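Colleague: File entry30.pdb below, PDB, C-alpha atoms:
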MODEL        1
ATOM      1  CA  MET S   1     176.481  96.409  43.891
ATOM      2  CA  LYS S   2     179.333  94.053  43.053
ATOM      3  CA  ILE S   3     178.150  90.562  42.089
ATOM      4  CA  LEU S   4     180.083  87.323  41.596
ATOM      5  CA  ASP S   5     178.574  84.341  39.779
ATOM      6  CA  ILE S   6     180.579  81.213  40.642
ATOM      7  CA  GLY S   7     180.477  78.409  38.080
ATOM      8  CA  CYS S   8     178.555  80.753  35.804
ATOM      9  CA  GLY S   9     178.667  78.519  32.732
ATOM     10  CA  LYS S  10     176.749  79.908  29.740
ATOM     11  CA  HIS S  11     174.075  81.595  31.888
ATOM     12  CA  LYS S  12     175.930  84.265  33.862
ATOM     13  CA  THR S  13     173.860  86.460  36.174
ATOM     14  CA  PRO S  14     173.352  89.840  34.475
ATOM     15  CA  GLY S  15     175.813  92.433  35.783
ATOM     16  CA  ALA S  16     177.957  89.841  37.548
ATOM     17  CA  ILE S  17     181.592  88.903  37.259
ATOM     18  CA  GLY S  18     181.531  85.319  36.032
ATOM     19  CA  LEU S  19     183.937  82.777  37.526
ATOM     20  CA  ASP S  20     184.321  79.380  35.868
ATOM     21  CA  PHE S  21     187.120  76.928  35.070
ATOM     22  CA  ASN S  22     185.928  76.411  31.485
ATOM     23  CA  PRO S  23     187.076  79.033  28.954
ATOM     24  CA  ARG S  24     184.114  78.171  26.675
ATOM     25  CA  THR S  25     181.675  79.736  29.147
ATOM     26  CA  ASP S  26     180.617  83.342  29.777
ATOM     27  CA  ALA S  27     183.253  83.620  32.513
ATOM     28  CA  ASP S  28     185.210  86.829  33.003
ATOM     29  CA  VAL S  29     187.696  85.045  35.274
ATOM     30  CA  ILE S  30     188.929  81.515  34.533
ATOM     31  CA  HIS S  31     189.609  79.728  37.811
ATOM     32  CA  ASN S  32     188.899  76.299  39.321
ATOM     33  CA  LEU S  33     186.602  76.524  42.359
ATOM     34  CA  ASN S  34     188.601  73.725  43.994
ATOM     35  CA  GLN S  35     191.786  75.837  44.046
ATOM     36  CA  PHE S  36     192.234  78.291  46.888
ATOM     37  CA  PRO S  37     192.428  81.188  47.291
ATOM     38  CA  TYR S  38     190.133  82.583  44.630
ATOM     39  CA  PRO S  39     191.655  85.496  42.684
ATOM     40  CA  PHE S  40     189.772  88.187  44.620
ATOM     41  CA  PRO S  41     190.630  90.235  47.714
ATOM     42  CA  ASP S  42     188.849  89.892  51.056
ATOM     43  CA  ASN S  43     185.470  91.627  51.428
ATOM     44  CA  GLU S  44     185.001  92.236  47.691
ATOM     45  CA  PHE S  45     181.412  91.241  46.826
ATOM     46  CA  ASP S  46     177.928  92.347  47.886
ATOM     47  CA  LEU S  47     176.268  89.316  46.321
ATOM     48  CA  ILE S  48     177.621  85.872  45.428
ATOM     49  CA  VAL S  49     175.492  83.563  43.309
ATOM     50  CA  GLY S  50     176.077  79.864  42.676
ATOM     51  CA  ASN S  51     173.489  78.269  40.406
ATOM     52  CA  GLN S  52     173.719  74.487  40.246
ATOM     53  CA  VAL S  53     177.430  74.454  41.131
ATOM     54  CA  ILE S  54     177.956  73.649  44.837
ATOM     55  CA  GLU S  55     177.195  69.962  44.235
ATOM     56  CA  HIS S  56     180.171  69.786  41.823
ATOM     57  CA  VAL S  57     182.961  71.035  44.131
ATOM     58  CA  ASP S  58     185.383  68.752  45.947
ATOM     59  CA  ASP S  59     185.014  70.320  49.403
ATOM     60  CA  VAL S  60     181.814  72.216  50.241
ATOM     61  CA  LEU S  61     183.226  73.450  53.573
ATOM     62  CA  ALA S  62     186.301  74.940  51.905
ATOM     63  CA  VAL S  63     184.279  76.612  49.146
ATOM     64  CA  VAL S  64     181.839  78.196  51.610
ATOM     65  CA  LYS S  65     184.781  79.404  53.688
ATOM     66  CA  GLU S  66     186.301  81.017  50.586
ATOM     67  CA  LEU S  67     182.978  82.626  49.608
ATOM     68  CA  TYR S  68     182.767  84.021  53.132
ATOM     69  CA  ARG S  69     186.280  85.469  52.785
ATOM     70  CA  ILE S  70     185.532  87.347  49.553
ATOM     71  CA  ALA S  71     182.046  88.516  50.648
ATOM     72  CA  LYS S  72     181.601  91.890  52.316
ATOM     73  CA  PRO S  73     180.083  91.997  55.802
ATOM     74  CA  GLY S  74     176.311  91.865  55.306
ATOM     75  CA  ALA S  75     176.664  90.421  51.789
ATOM     76  CA  THR S  76     174.250  87.820  50.453
ATOM     77  CA  ILE S  77     175.231  84.351  49.270
ATOM     78  CA  ARG S  78     172.646  82.571  47.091
ATOM     79  CA  LEU S  79     173.087  78.917  46.199
ATOM     80  CA  ASP S  80     170.811  76.447  44.498
ATOM     81  CA  THR S  81     171.280  72.737  43.954
ATOM     82  CA  PRO S  82     169.208  69.628  43.269
ATOM     83  CA  HIS S  83     167.518  68.164  46.327
ATOM     84  CA  TYR S  84     169.066  64.798  47.181
ATOM     85  CA  THR S  85     165.826  62.944  46.394
ATOM     86  CA  ASP S  86     165.608  64.282  42.841
ATOM     87  CA  VAL S  87     166.813  62.088  39.981
ATOM     88  CA  SER S  88     168.935  64.981  38.666
ATOM     89  CA  SER S  89     171.045  64.859  41.829
ATOM     90  CA  TYR S  90     172.293  61.419  40.772
ATOM     91  CA  ARG S  91     171.901  61.587  37.001
ATOM     92  CA  ASP S  92     174.914  63.850  36.500
ATOM     93  CA  PRO S  93     178.130  61.882  37.153
ATOM     94  CA  THR S  94     179.977  65.119  37.980
ATOM     95  CA  HIS S  95     177.829  65.667  41.118
ATOM     96  CA  LYS S  96     179.974  64.944  44.149
ATOM     97  CA  HIS S  97     177.464  65.973  46.844
ATOM     98  CA  HIS S  98     173.757  65.337  47.359
ATOM     99  CA  LEU S  99     172.408  68.048  49.625
ATOM    100  CA  THR S 100     169.500  68.464  52.028
ATOM    101  CA  CYS S 101     167.735  71.448  53.564
ATOM    102  CA  GLU S 102     170.143  71.202  56.496
ATOM    103  CA  SER S 103     173.412  70.791  54.582
ATOM    104  CA  PHE S 104     174.617  74.285  55.554
ATOM    105  CA  MET S 105     173.480  74.107  59.167
ATOM    106  CA  TYR S 106     177.065  74.004  60.490
ATOM    107  CA  PHE S 107     177.545  77.537  59.205
ATOM    108  CA  THR S 108     174.246  78.931  60.435
ATOM    109  CA  GLU S 109     173.194  77.282  63.671
ATOM    110  CA  LYS S 110     174.957  77.280  66.999
ATOM    111  CA  ARG S 111     175.925  73.624  67.369
ATOM    112  CA  PRO S 112     178.681  73.355  70.007
ATOM    113  CA  GLU S 113     179.369  69.711  69.177
ATOM    114  CA  PHE S 114     180.313  70.691  65.597
ATOM    115  CA  GLU S 115     182.021  74.089  66.016
ATOM    116  CA  PHE S 116     185.332  72.595  64.871
ATOM    117  CA  TYR S 117     184.013  72.325  61.278
ATOM    118  CA  SER S 118     184.011  76.043  60.623
ATOM    119  CA  ASP S 119     184.568  79.406  62.258
ATOM    120  CA  ILE S 120     182.398  81.373  59.828
ATOM    121  CA  THR S 121     178.848  82.520  60.502
ATOM    122  CA  LEU S 122     176.042  82.867  58.005
ATOM    123  CA  LYS S 123     172.503  83.917  58.839
ATOM    124  CA  THR S 124     169.829  81.980  56.982
ATOM    125  CA  LYS S 125     167.562  84.393  55.130
ATOM    126  CA  LYS S 126     165.661  81.770  53.154
ATOM    127  CA  ILE S 127     165.609  78.073  52.316
ATOM    128  CA  TYR S 128     163.144  77.119  49.614
ATOM    129  CA  VAL S 129     162.430  73.641  48.282
ATOM    130  CA  THR S 130     160.694  73.162  44.968
ATOM    131  CA  LEU S 131     158.800  69.909  44.653
ATOM    132  CA  LEU S 132     157.611  67.913  41.688
ATOM    133  CA  LYS S 133     154.550  69.369  39.953
ATOM    134  CA  LEU S 134     151.936  67.074  41.513
ATOM    135  CA  TRP S 135     153.016  68.003  45.061
ATOM    136  CA  ARG S 136     153.142  71.680  44.136
ATOM    137  CA  ILE S 137     149.552  71.538  42.800
ATOM    138  CA  LEU S 138     148.380  69.779  45.970
ATOM    139  CA  GLY S 139     149.923  72.501  48.179
ATOM    140  CA  ILE S 140     152.646  70.364  49.732
ATOM    141  CA  GLU S 141     155.378  72.721  48.450
ATOM    142  CA  PHE S 142     153.624  75.620  50.191
ATOM    143  CA  LEU S 143     153.534  73.698  53.481
ATOM    144  CA  VAL S 144     157.181  72.628  53.227
ATOM    145  CA  ASN S 145     158.264  76.250  52.710
ATOM    146  CA  CYS S 146     155.838  78.160  54.942
ATOM    147  CA  GLY S 147     158.507  78.292  57.679
ATOM    148  CA  ASN S 148     160.224  81.064  55.705
ATOM    149  CA  LYS S 149     157.299  83.372  56.448
ATOM    150  CA  TYR S 150     156.132  81.759  59.700
ATOM    151  CA  PRO S 151     159.204  80.567  61.654
ATOM    152  CA  GLN S 152     157.068  78.600  64.135
ATOM    153  CA  LEU S 153     156.168  76.266  61.219
ATOM    154  CA  ARG S 154     159.753  75.335  60.265
ATOM    155  CA  PHE S 155     159.147  71.895  61.727
ATOM    156  CA  LEU S 156     157.024  71.097  58.647
ATOM    157  CA  ARG S 157     160.088  71.148  56.361
ATOM    158  CA  ARG S 158     162.042  68.951  58.754
ATOM    159  CA  PHE S 159     159.101  66.548  59.051
ATOM    160  CA  TRP S 160     158.780  66.374  55.240
ATOM    161  CA  GLU S 161     162.516  65.786  54.764
ATOM    162  CA  SER S 162     162.719  63.217  57.560
ATOM    163  CA  TYR S 163     159.623  61.172  56.732
ATOM    164  CA  LEU S 164     157.997  62.081  53.428
ATOM    165  CA  CYS S 165     160.592  63.247  50.905
ATOM    166  CA  TYR S 166     161.075  59.842  49.287
ATOM    167  CA  ILE S 167     157.356  59.794  48.455
ATOM    168  CA  MET S 168     156.874  63.527  47.809
ATOM    169  CA  ARG S 169     160.268  64.091  46.251
ATOM    170  CA  GLY S 170     162.089  67.406  46.252
ATOM    171  CA  LYS S 171     163.309  68.934  43.006
ATOM    172  CA  ASN S 172     165.588  71.890  43.831
ATOM    173  CA  LEU S 173     166.931  73.604  46.932
ATOM    174  CA  TYR S 174     167.497  77.344  47.129
ATOM    175  CA  PHE S 175     169.564  78.830  49.948
ATOM    176  CA  GLU S 176     170.022  82.511  50.748
ATOM    177  CA  PHE S 177     172.416  83.564  53.508
ATOM    178  CA  GLU S 178     173.612  86.838  55.001
ATOM    179  CA  VAL S 179     177.334  87.019  55.744
ATOM    180  CA  LEU S 180     177.996  87.915  59.396
ATOM    181  CA  LYS S 181     181.499  89.237  60.080
TER
ENDMDL
END
Render the structure in this file as structure tokens.

Modeller:
Amino acid sequence: MKILDIGCGKHKTPGAIGLDFNPRTDADVIHNLNQFPYPFPDNEFDLIVGNQVIEHVDDVLAVVKELYRIAKPGATIRLDTPHYTDVSSYRDPTHKHHLTCESFMYFTEKRPEFEFYSDITLKTKKIYVTLLKLWRILGIEFLVNCGNKYPQLRFLRRFWESYLCYIMRGKNLYFEFEVLK
């Protein structure tokens, strides 16, 4: 399995090729994620991981399009980022985007009114929100994420994010997508 860790920093995924713009990291390839194309051929990777990096890029749409290009058909893309209601989303002045559970919907859902944004297709395998400890202990995190196992309960995450997330704040978002080509 060929793995790429974008923005790997000092904590590169074991067995992965690390890609980062900073030469003082564990990167194997020094390259700025905001410069296209990335130095890899089409259909190169089985798994692409981006830990706490997508919120730093200039253009999320362009980066996802480039990840799609270098991913093999059926590959997995895993991204995590702070939830937009978490203090860490705003604490870091290098964060350019503050993302929600639906931030990648234009790539995954059939939305005719927004098809002009992208021509790539990703299948959502999992979206997981971690909440602050109190809400986790009280079972709210379980309810927010139970739609992963029981699709008929996905409305609970949308309800939480639409009405409750400023009270029961999110901490991190984890996205896992399958590349459909």

Colleague: I need the residue set behind the PyMOL selection byres ((chain S and resi 98) around 12) for this file; please write it as an MDAnalysis selection string.

Modeller: chainID S and resid 52:57 60 80:97 99:103 170:173

Colleague: Report as a VMD selection string all protein, DNA and RNA residues lying within 12 Å of Lys133 of chain S, evaluated on only C-alpha atoms, omitting residues in the same chain fewer than 3 positions from it.

Modeller: chain S and resid 130 136 to 141 168 to 172

Colleague: Take the selection from the previous step and output its residues with C-alpha atoms, as a PDB file, in the frame of the given file.

Modeller:
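Generated output (selection_20.pdb):
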ATOM      1  CA  THR S 130     160.694  73.162  44.968  1.00  0.00           C
ATOM      2  CA  ARG S 136     153.142  71.680  44.136  1.00  0.00           C
ATOM      3  CA  ILE S 137     149.552  71.538  42.800  1.00  0.00           C
ATOM      4  CA  LEU S 138     148.380  69.779  45.970  1.00  0.00           C
ATOM      5  CA  GLY S 139     149.923  72.501  48.179  1.00  0.00           C
ATOM      6  CA  ILE S 140     152.646  70.364  49.732  1.00  0.00           C
ATOM      7  CA  GLU S 141     155.378  72.721  48.450  1.00  0.00           C
ATOM      8  CA  MET S 168     156.874  63.527  47.809  1.00  0.00           C
ATOM      9  CA  ARG S 169     160.268  64.091  46.251  1.00  0.00           C
ATOM     10  CA  GLY S 170     162.089  67.406  46.252  1.00  0.00           C
ATOM     11  CA  LYS S 171     163.309  68.934  43.006  1.00  0.00           C
ATOM     12  CA  ASN S 172     165.588  71.890  43.831  1.00  0.00           C
TER      13      ASN S 172
END

Colleague: Please enumerate the residues selected by the PyMOL selection byres ((chain S and resi 123) around 10) when evaluated against the supplied file, formatted as a compact mmCIF listing (two decimals) with C-alpha atoms, in the coordinates of the input.

Modeller:
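Below is the file out_22.txt, written as the result:
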# COMPACT_ATOMS: atom_id res chain seq x y z
CA GLY S 74 176.31 91.86 55.31
CA THR S 76 174.25 87.82 50.45
CA ILE S 77 175.23 84.35 49.27
CA MET S 105 173.48 74.11 59.17
CA PHE S 107 177.54 77.54 59.20
CA THR S 108 174.25 78.93 60.44
CA GLU S 109 173.19 77.28 63.67
CA THR S 121 178.85 82.52 60.50
CA LEU S 122 176.04 82.87 58.00
CA THR S 124 169.83 81.98 56.98
CA LYS S 125 167.56 84.39 55.13
CA LYS S 126 165.66 81.77 53.15
CA GLU S 176 170.02 82.51 50.75
CA PHE S 177 172.42 83.56 53.51
CA GLU S 178 173.61 86.84 55.00
CA VAL S 179 177.33 87.02 55.74
CA LEU S 180 178.00 87.92 59.40

Colleague: Just how far from atom CA of Leu61 of chain S is atom CA of Thr25 of chain S, in Å to one decimal?

Modeller: 25.3 Å

Colleague: The centre and edge lengths of an axis-aligned box containing all atoms of segment 51-64 of chain S present in the file, extended by 8 Å on each side, are to be given in Å to one decimal, as JSON.

Modeller:
{"center_x": 179.9, "center_y": 73.5, "center_z": 46.9, "size_x": 28.8, "size_y": 25.5, "size_z": 29.3}

Colleague: So the first atom is atom CA of Phe116 of chain S and the second is atom CA of Val63 of chain S; what is the distance between them in Å, to one decimal place?

Modeller: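 Answer for the atom CA of Phe116 of chain S to atom CA of Val63 of chain S separation: 16.3 Å.
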
Colleague: I'd like to see the residues matched by the PyMOL selection byres ((chain S and resi 3-17) around 8) on this file, and ideally I'd get them as a PyMOL selection string.

Modeller: chain S and resi 1-2+18-22+25-29+33+45-51+53

Colleague: Select, from S:Arg24, S:Lys65, S:His31, S:Arg78, the residue with the minimum atom-to-atom distance to Phe175 of chain S, counting only C-alpha atoms.

Modeller: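 The shortest atom-to-atom distance to Phe175 of chain S comes from S:Arg78.
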
Colleague: Which is closest to Tyr38 of chain S among S:Lys72, S:Leu67, S:Asp59, S:Ile127, if we use all atoms listed in the file?

Modeller: S:Leu67

Colleague: Which one of S:Pro23, S:Ser118, S:Phe142, S:Glu66 sits closest to Gln35 of chain S if you count only C-alpha atoms?

Modeller: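 Using only C-alpha atoms, Gln35 of chain S sits closest to S:Glu66.
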
Colleague: Which value, in Å to one decimal, gives the distance between atom CA of Phe159 of chain S and atom CA of Ile120 of chain S?

Modeller: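 Result for atom CA of Phe159 of chain S versus atom CA of Ile120 of chain S: 27.6 Å, one decimal.
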
Colleague: Write segment 130-165 of chain S as a short mmCIF file (atom, residue, chain, number, x, y, z; two decimals), in the frame of the given file, completed to N, CA and C atoms.

Modeller:
data_model
loop_
_atom_site.label_atom_id
_atom_site.label_comp_id
_atom_site.auth_asym_id
_atom_site.auth_seq_id
_atom_site.Cartn_x
_atom_site.Cartn_y
_atom_site.Cartn_z
N THR S 130 161.73 73.39 45.98
CA THR S 130 160.69 73.16 44.97
C THR S 130 160.46 71.66 44.90
N LEU S 131 159.19 71.31 44.73
CA LEU S 131 158.80 69.91 44.65
C LEU S 131 158.32 69.59 43.24
N LEU S 132 158.15 68.32 42.97
CA LEU S 132 157.61 67.91 41.69
C LEU S 132 156.20 68.47 41.53
N LYS S 133 155.78 68.64 40.30
CA LYS S 133 154.55 69.37 39.95
C LYS S 133 153.31 68.88 40.71
N LEU S 134 153.11 67.59 40.82
CA LEU S 134 151.94 67.07 41.51
C LEU S 134 151.87 67.60 42.93
N TRP S 135 153.00 67.57 43.66
CA TRP S 135 153.02 68.00 45.06
C TRP S 135 152.87 69.52 45.17
N ARG S 136 153.32 70.23 44.17
CA ARG S 136 153.14 71.68 44.14
C ARG S 136 151.66 72.00 43.98
N ILE S 137 150.98 71.32 43.05
CA ILE S 137 149.55 71.54 42.80
C ILE S 137 148.73 71.22 44.05
N LEU S 138 149.11 70.19 44.77
CA LEU S 138 148.38 69.78 45.97
C LEU S 138 148.70 70.63 47.21
N GLY S 139 149.61 71.59 47.08
CA GLY S 139 149.92 72.50 48.18
C GLY S 139 151.00 72.02 49.13
N ILE S 140 151.60 70.89 48.84
CA ILE S 140 152.65 70.36 49.73
C ILE S 140 153.87 71.29 49.72
N GLU S 141 154.23 71.81 48.54
CA GLU S 141 155.38 72.72 48.45
C GLU S 141 155.15 73.94 49.33
N PHE S 142 153.95 74.48 49.33
CA PHE S 142 153.62 75.62 50.19
C PHE S 142 153.85 75.27 51.65
N LEU S 143 153.38 74.11 52.08
CA LEU S 143 153.53 73.70 53.48
C LEU S 143 155.00 73.51 53.86
N VAL S 144 155.76 72.88 52.96
CA VAL S 144 157.18 72.63 53.23
C VAL S 144 157.94 73.94 53.41
N ASN S 145 157.53 74.98 52.70
CA ASN S 145 158.26 76.25 52.71
C ASN S 145 157.63 77.34 53.56
N CYS S 146 156.51 77.09 54.20
CA CYS S 146 155.84 78.16 54.94
C CYS S 146 156.65 78.63 56.15
N GLY S 147 157.64 77.87 56.58
CA GLY S 147 158.51 78.29 57.68
C GLY S 147 159.34 79.52 57.35
N ASN S 148 159.51 79.84 56.07
CA ASN S 148 160.22 81.06 55.70
C ASN S 148 159.45 82.30 56.16
N LYS S 149 158.14 82.24 56.05
CA LYS S 149 157.30 83.37 56.45
C LYS S 149 156.85 83.25 57.90
N TYR S 150 156.62 82.02 58.35
CA TYR S 150 156.13 81.76 59.70
C TYR S 150 157.12 80.83 60.40
N PRO S 151 158.13 81.39 61.06
CA PRO S 151 159.20 80.57 61.65
C PRO S 151 158.72 79.45 62.58
N GLN S 152 157.58 79.64 63.24
CA GLN S 152 157.07 78.60 64.14
C GLN S 152 156.65 77.34 63.38
N LEU S 153 156.57 77.43 62.03
CA LEU S 153 156.17 76.27 61.22
C LEU S 153 157.35 75.60 60.50
N ARG S 154 158.57 75.94 60.90
CA ARG S 154 159.75 75.33 60.26
C ARG S 154 159.79 73.82 60.44
N PHE S 155 159.16 73.34 61.48
CA PHE S 155 159.15 71.90 61.73
C PHE S 155 158.52 71.13 60.56
N LEU S 156 157.66 71.78 59.77
CA LEU S 156 157.02 71.10 58.65
C LEU S 156 158.05 70.67 57.60
N ARG S 157 159.05 71.52 57.32
CA ARG S 157 160.09 71.15 56.36
C ARG S 157 160.91 69.98 56.90
N ARG S 158 161.26 70.04 58.16
CA ARG S 158 162.04 68.95 58.75
C ARG S 158 161.24 67.65 58.76
N PHE S 159 159.96 67.73 59.08
CA PHE S 159 159.10 66.55 59.05
C PHE S 159 159.05 65.98 57.64
N TRP S 160 158.82 66.83 56.63
CA TRP S 160 158.78 66.37 55.24
C TRP S 160 160.10 65.69 54.86
N GLU S 161 161.23 66.34 55.18
CA GLU S 161 162.52 65.79 54.76
C GLU S 161 162.88 64.52 55.54
N SER S 162 162.41 64.40 56.76
CA SER S 162 162.72 63.22 57.56
C SER S 162 161.84 62.02 57.23
N TYR S 163 160.57 62.27 56.87
CA TYR S 163 159.62 61.17 56.73
C TYR S 163 158.96 61.04 55.36
N LEU S 164 158.83 62.12 54.62
CA LEU S 164 158.00 62.08 53.43
C LEU S 164 158.72 62.32 52.11
N CYS S 165 159.95 62.77 52.14
CA CYS S 165 160.59 63.25 50.90
C CYS S 165 160.88 62.14 49.88
#
